[in-house]
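Pasting protein-v1.csv here (CSV, C-alpha atoms):
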chain,number,residue,atom,x,y,z
A,211,MET,CA,85.2,45.4,57.1
A,212,MET,CA,81.5,46.3,57.3
A,213,ARG,CA,81.6,47.7,53.8
A,214,SER,CA,83.2,44.5,52.4
A,215,LYS,CA,80.5,42.5,54.1
A,216,ASN,CA,77.8,44.6,52.6
A,217,ILE,CA,79.3,44.3,49.1
A,218,SER,CA,79.5,40.5,49.6
A,219,VAL,CA,75.8,40.4,50.6
A,220,PHE,CA,74.9,42.6,47.7
A,221,GLY,CA,76.8,40.4,45.3
A,222,SER,CA,75.1,37.3,46.6
A,223,SER,CA,71.6,38.9,46.3
A,224,THR,CA,72.4,40.0,42.7
A,225,LEU,CA,73.4,36.5,41.8
A,226,LYS,CA,70.2,35.1,43.3
A,227,ILE,CA,68.1,37.7,41.4
A,228,LYS,CA,69.9,36.7,38.2
A,229,ARG,CA,69.2,33.0,38.8
A,230,VAL,CA,65.5,33.7,39.5
A,231,GLY,CA,65.4,35.9,36.3
A,232,LEU,CA,67.0,33.1,34.3
A,233,PHE,CA,64.5,30.6,35.7
A,234,LEU,CA,61.6,32.8,34.8
A,235,ILE,CA,62.9,33.3,31.3
A,236,MET,CA,63.4,29.5,30.8
A,237,PHE,CA,59.9,28.9,32.2
A,238,LEU,CA,58.3,31.4,29.9
A,239,LEU,CA,60.2,29.9,26.9
A,240,SER,CA,58.9,26.4,27.8
A,241,LEU,CA,55.3,27.7,27.9
A,242,ASN,CA,55.8,29.3,24.5
A,243,LYS,CA,57.2,26.1,23.2
A,244,SER,CA,54.3,24.0,24.5
A,245,TYR,CA,51.9,26.3,22.6
A,246,ALA,CA,54.0,26.7,19.5
A,247,GLN,CA,52.0,27.1,16.4
A,248,ASP,CA,52.6,24.3,13.8
A,249,LYS,CA,52.6,26.0,10.4
A,250,ASP,CA,52.0,22.6,8.8
A,251,PHE,CA,48.7,22.1,10.7
A,252,HIS,CA,46.0,23.6,8.5
A,253,ILE,CA,42.6,24.2,10.3
A,254,TYR,CA,39.2,24.8,8.8
A,255,LEU,CA,36.1,26.1,10.7
A,256,CYS,CA,32.9,24.4,9.6
A,257,PHE,CA,29.4,25.5,10.4
A,258,GLY,CA,25.8,25.4,9.1
A,259,GLN,CA,22.7,23.3,9.3
A,260,SER,CA,21.6,19.7,8.6
A,261,ASN,CA,24.1,18.9,5.8
A,262,MET,CA,27.0,20.3,7.7
A,263,GLU,CA,26.1,18.5,10.9
A,264,GLY,CA,25.7,15.2,9.1
A,265,ASN,CA,22.2,14.5,7.7
A,266,ALA,CA,23.4,11.5,5.7
A,267,LYS,CA,24.2,8.2,7.5
A,268,PHE,CA,27.8,7.2,7.2
A,269,GLU,CA,28.7,3.7,6.0
A,270,ALA,CA,31.5,1.4,6.8
A,271,GLN,CA,33.4,2.6,3.7
A,272,ASP,CA,33.4,6.1,5.2
A,273,THR,CA,35.2,4.9,8.4
A,274,ILE,CA,38.2,3.1,6.9
A,275,SER,CA,41.6,4.3,5.7
A,276,ILE,CA,41.3,7.7,7.4
A,277,SER,CA,44.7,9.2,7.6
A,278,ASN,CA,46.0,10.2,11.1
A,279,ARG,CA,46.9,13.5,9.3
A,280,PHE,CA,43.2,14.3,9.3
A,281,LYS,CA,42.0,15.5,12.7
A,282,ILE,CA,38.7,16.7,14.3
A,283,LEU,CA,38.6,19.1,17.3
A,284,GLN,CA,35.7,17.6,19.3
A,285,ALA,CA,32.9,20.2,19.7
A,286,VAL,CA,30.9,18.3,22.4
A,287,ASP,CA,31.5,15.5,24.9
A,288,CYS,CA,30.8,12.1,23.3
A,289,LEU,CA,31.5,9.6,26.1
A,290,ASP,CA,30.3,6.6,24.0
A,291,LEU,CA,32.9,7.5,21.4
A,292,ASN,CA,35.6,8.2,24.0
A,293,ARG,CA,35.8,11.8,22.9
A,294,ARG,CA,36.0,15.0,25.0
A,295,LYS,CA,35.3,18.5,24.0
A,296,GLY,CA,38.4,20.5,23.1
A,297,ASN,CA,40.6,17.5,22.2
A,298,TRP,CA,41.9,16.4,18.8
A,299,TYR,CA,41.1,13.0,17.4
A,300,THR,CA,41.5,11.2,14.1
A,301,ALA,CA,38.6,12.5,12.0
A,302,MET,CA,36.3,9.4,12.2
A,303,PRO,CA,32.7,10.3,11.6
A,304,PRO,CA,30.6,11.7,13.2
A,305,LEU,CA,32.4,15.0,13.1
A,306,SER,CA,29.6,17.1,14.6
A,307,ARG,CA,27.6,16.0,17.6
A,308,CYS,CA,27.6,12.4,18.9
A,309,ASN,CA,24.7,11.0,16.8
A,310,THR,CA,25.1,12.8,13.6
A,311,GLY,CA,26.2,11.5,10.2
A,312,LEU,CA,28.4,12.2,7.2
A,313,THR,CA,29.3,15.8,6.5
A,314,PRO,CA,31.0,17.8,3.6
A,315,ALA,CA,33.9,18.2,6.1
A,316,ASP,CA,34.6,14.4,6.0
A,317,TYR,CA,35.6,14.2,2.4
A,318,PHE,CA,36.8,17.7,2.3
A,319,GLY,CA,39.5,16.7,4.8
A,320,LYS,CA,40.2,13.4,3.2
A,321,THR,CA,40.7,15.0,-0.2
A,322,MET,CA,42.9,17.7,1.2
A,323,VAL,CA,45.3,15.3,3.0
A,324,SER,CA,45.5,13.1,-0.1
A,325,ASN,CA,46.6,16.1,-2.2
A,326,LEU,CA,48.8,17.9,0.2
A,327,PRO,CA,52.5,17.1,1.0
A,328,LYS,CA,53.0,14.4,3.6
A,329,ASN,CA,54.1,16.9,6.2
A,330,ILE,CA,50.8,18.8,6.2
A,331,LYS,CA,48.0,17.9,8.6
A,332,VAL,CA,44.4,19.0,8.2
A,333,GLY,CA,42.1,19.7,11.2
A,334,VAL,CA,38.4,20.6,11.2
A,335,ILE,CA,36.1,22.1,13.8
A,336,ASN,CA,32.4,21.3,13.1
A,337,VAL,CA,29.6,23.2,14.8
A,338,ALA,CA,26.3,22.8,13.1
A,339,VAL,CA,22.6,22.6,13.9
A,340,GLY,CA,20.1,20.9,11.6
A,341,GLY,CA,17.2,23.1,10.4
A,342,CYS,CA,18.6,26.4,11.9
A,343,LYS,CA,18.6,29.7,10.2
A,344,ILE,CA,21.8,31.7,9.8
A,345,GLU,CA,20.5,33.9,12.6
A,346,LEU,CA,21.6,31.2,15.1
A,347,PHE,CA,25.2,32.1,14.3
A,348,ASP,CA,24.6,35.8,14.8
A,349,LYS,CA,26.9,36.9,17.6
A,350,GLU,CA,24.3,39.4,18.9
A,351,GLY,CA,21.0,38.0,17.9
A,352,TYR,CA,21.3,34.3,18.6
A,353,LYS,CA,19.4,34.5,21.9
A,354,SER,CA,16.3,36.0,20.3
A,355,TYR,CA,16.4,33.3,17.6
A,356,SER,CA,16.8,30.5,20.1
A,357,ALA,CA,13.9,31.9,22.1
A,358,THR,CA,11.6,31.2,19.1
A,359,ALA,CA,13.3,28.0,17.9
A,360,PRO,CA,11.2,24.8,17.8
A,361,GLY,CA,11.5,22.5,20.8
A,362,TRP,CA,13.3,19.7,18.8
A,363,MET,CA,16.1,22.2,18.0
A,364,ILE,CA,16.7,23.5,21.5
A,365,GLY,CA,18.4,20.3,22.7
A,366,MET,CA,20.9,20.5,19.8
A,367,ILE,CA,21.6,24.2,20.5
A,368,ASN,CA,22.1,23.4,24.2
A,369,GLN,CA,24.8,20.8,23.4
A,370,TYR,CA,26.8,23.8,22.3
A,371,GLY,CA,26.3,25.6,25.6
A,372,GLY,CA,23.3,27.5,24.1
A,373,ASN,CA,25.6,29.5,21.8
A,374,PRO,CA,26.9,27.6,18.7
A,375,TYR,CA,28.8,30.7,17.5
A,376,GLY,CA,30.4,31.1,20.9
A,377,ARG,CA,31.4,27.4,20.9
A,378,LEU,CA,33.0,27.7,17.4
A,379,VAL,CA,35.1,30.7,18.5
A,380,GLU,CA,36.0,28.9,21.8
A,381,LEU,CA,37.3,25.9,19.9
A,382,ALA,CA,39.0,28.1,17.2
A,383,GLU,CA,41.0,29.8,20.0
A,384,ILE,CA,42.2,26.4,21.1
A,385,ALA,CA,43.1,25.4,17.6
A,386,LYS,CA,45.0,28.6,16.9
A,387,LYS,CA,47.6,27.7,19.6
A,388,GLN,CA,48.4,24.5,17.7
A,389,GLY,CA,47.9,25.3,14.0
A,390,VAL,CA,46.9,27.9,11.4
A,391,ILE,CA,43.3,28.6,10.5
A,392,LYS,CA,43.2,28.5,6.7
A,393,GLY,CA,39.6,28.9,5.9
A,394,ILE,CA,35.9,28.7,6.9
A,395,LEU,CA,33.3,26.3,5.4
A,396,LEU,CA,29.6,27.0,5.4
A,397,HIS,CA,26.8,24.7,4.2
A,398,GLN,CA,23.5,26.4,5.1
A,399,GLY,CA,20.7,28.2,3.5
A,400,GLU,CA,17.6,26.0,3.2
A,401,SER,CA,16.0,27.5,6.2
A,402,ASN,CA,16.6,31.0,4.8
A,403,THR,CA,15.1,30.2,1.4
A,404,GLY,CA,13.8,33.4,-0.2
A,405,ASP,CA,15.6,35.6,2.3
A,406,THR,CA,17.0,38.4,0.3
A,407,LEU,CA,19.3,39.5,3.1
A,408,TRP,CA,20.9,36.0,3.5
A,409,VAL,CA,24.2,37.0,1.9
A,410,GLU,CA,24.5,40.1,4.2
A,411,LYS,CA,23.7,37.9,7.2
A,412,VAL,CA,26.4,35.4,6.2
A,413,LYS,CA,28.9,38.2,5.7
A,414,ALA,CA,28.1,39.6,9.2
A,415,VAL,CA,28.9,36.1,10.7
A,416,TYR,CA,32.1,35.9,8.6
A,417,ASP,CA,33.2,39.4,9.6
A,418,ASN,CA,32.6,38.6,13.3
A,419,LEU,CA,34.7,35.5,13.0
A,420,LEU,CA,37.6,37.4,11.4
A,421,ARG,CA,37.4,40.1,14.1
A,422,ASP,CA,37.0,37.8,17.1
A,423,LEU,CA,39.8,35.4,16.0
A,424,ASN,CA,42.1,38.1,14.6
A,425,LEU,CA,42.1,36.6,11.2
A,426,LYS,CA,42.8,38.3,7.9
A,427,GLU,CA,40.2,38.3,5.1
A,428,ASN,CA,42.8,37.8,2.3
A,429,SER,CA,44.2,34.7,3.9
A,430,THR,CA,41.0,33.2,5.4
A,431,PRO,CA,38.5,32.5,2.6
A,432,LEU,CA,34.9,31.7,3.2
A,433,LEU,CA,33.8,28.6,1.2
A,434,VAL,CA,30.0,28.3,0.8
A,435,GLY,CA,28.4,25.1,-0.5
A,436,GLU,CA,25.0,24.6,-2.0
A,437,MET,CA,22.8,21.7,-3.1
A,438,VAL,CA,22.7,20.5,-6.7
A,439,HIS,CA,19.8,22.2,-8.6
A,440,ALA,CA,16.9,20.2,-10.0
A,441,ASP,CA,17.6,21.6,-13.5
A,442,GLN,CA,21.0,19.8,-13.4
A,443,GLY,CA,19.3,16.5,-13.5
A,444,VAL,CA,19.7,15.5,-9.8
A,445,PHE,CA,17.2,16.1,-7.0
A,446,VAL,CA,18.3,15.9,-3.4
A,447,ARG,CA,15.8,16.0,-0.6
A,448,VAL,CA,17.2,17.7,2.5
Take the structure in the file and give it back as structure tokens.
Amino acid sequence: MMRSKNISVFGSSTLKIKRVGLFLIMFLLSLNKSYAQDKDFHIYLCFGQSNMEGNAKFEAQDTISISNRFKILQAVDCLDLNRRKGNWYTAMPPLSRCNTGLTPADYFGKTMVSNLPKNIKVGVINVAVGGCKIELFDKEGYKSYSATAPGWMIGMINQYGGNPYGRLVELAEIAKKQGVIKGILLHQGESNTGDTLWVEKVKAVYDNLLRDLNLKENSTPLLVGEMVHADQGVFVRV
């Protein structure tokens, strides 16, 4: 009789264990589902200096007819705009910090969604600081650069927690849970004019982003913009 009772208790315990195990599996599956990566959500990381942060003022025409398929992952808190860092919003300018202007990312995103299938969404992350050298995005050397940066730049750097590169990676990690990082956009270089090592410094930033975000070079291109040259008949003061 005792043996039968023990078997009954053992069977009951086994059933409870199975139920707990099933609950844990379902719970874990629900977590995976909530962070499921949407292959149709294409994300681009944008960084640089004044042009990428939005040196030009945006006009009314830049704020209308923006598709809800074009998103911005907010890089800083902008309470006046009802935006919080780390949340997605329709990509209404400004796309960088709260009081910045029109960036290359604005019309890059608009052009992409207008030429991609309707099921594809485009998201951008914009972390940029006007007037900075590429050294500000150096993973190891940004502190020494910030220590010698002019006072007017310090406030902009501090809006990114004192580490713009770190903020870009932080936001990219959030974005990776929801979409696929398809490329990196850079518009910077004026402050490094004449720097023969600029290309190597940019490559170091690019390599660090690939490594820190576990991205593949052959599927994550770096797109670098530049200003129109004077000998092309157009002069742009930046």
> Pick from A:Ala338, A:Gly393, A:Asn278, A:Lys386: nearest to Glu427 (chain A), with only C-alpha atoms counted?
Replying inline: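 Nearest candidate to Glu427 (chain A) out of A:Ala338, A:Gly393, A:Asn278, A:Lys386: A:Gly393.
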> Pick from A:Gln247, A:Asp290, A:Ile253, A:Tyr317: nearest to Gln271 (chain A), with only C-alpha atoms counted?
Replying inline: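 Among the listed residues, the smallest separation from Gln271 (chain A) belongs to A:Tyr317.
For the choices A:Ala301, A:Leu283, A:Ala357, A:Leu395, the atom-to-atom distance to Cys256 (chain A) is smallest for A:Leu395 when using all atoms listed in the file.
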> Pick from A:Asn402, A:Gln259, A:Thr273, A:Ser354: nearest to Val337 (chain A), with all atoms listed in the file counted?
Replying inline: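 Residue with the minimum atom-to-atom distance to Val337 (chain A): A:Gln259.
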>> Quick check, in Å to one decimal: how far apart do CA of Glu380 (chain A) and CA of Ile276 (chain A) lie?
In response: 26.2 Å
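A straight line drawn from CA of Lys295 (chain A) to CA of Val334 (chain A) is 13.3 Å long.
CA of Ala359 (chain A) to CA of Ile344 (chain A) spans 12.3 Å [interatomic distance, one decimal].
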>> If we count all atoms listed in the file and set the cut-off at 10 Å, which residues sit around Arg307 (chain A), ignoring sequence neighbours fewer than 5 positions away in its own chain? Please answer as a ChimeraX atom specification.
In response: /A:263-264,284-288,336-339,366,369-370
> With only C-alpha atoms as the atoms that count, which of A:Ile364, A:Ile394, A:Gly341, A:Leu420 lies nearest to Asn261 (chain A)?
Replying inline: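 Among the listed residues, the smallest separation from Asn261 (chain A) belongs to A:Gly341.
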> Closest to Ile282 (chain A) among A:Ala385, A:Gly258, A:Ser324, A:Glu350, using all atoms listed in the file?
Replying inline: A:Ala385
>> Show me the residues around (47.6, 15.8, 12.3) - criterion: an atom at most 12 Å away, only C-alpha atoms counted - as a PyMOL selection string.
In response: chain A and resi 248-253+276-283+298-301+319-320+323+328-334+385+388-389
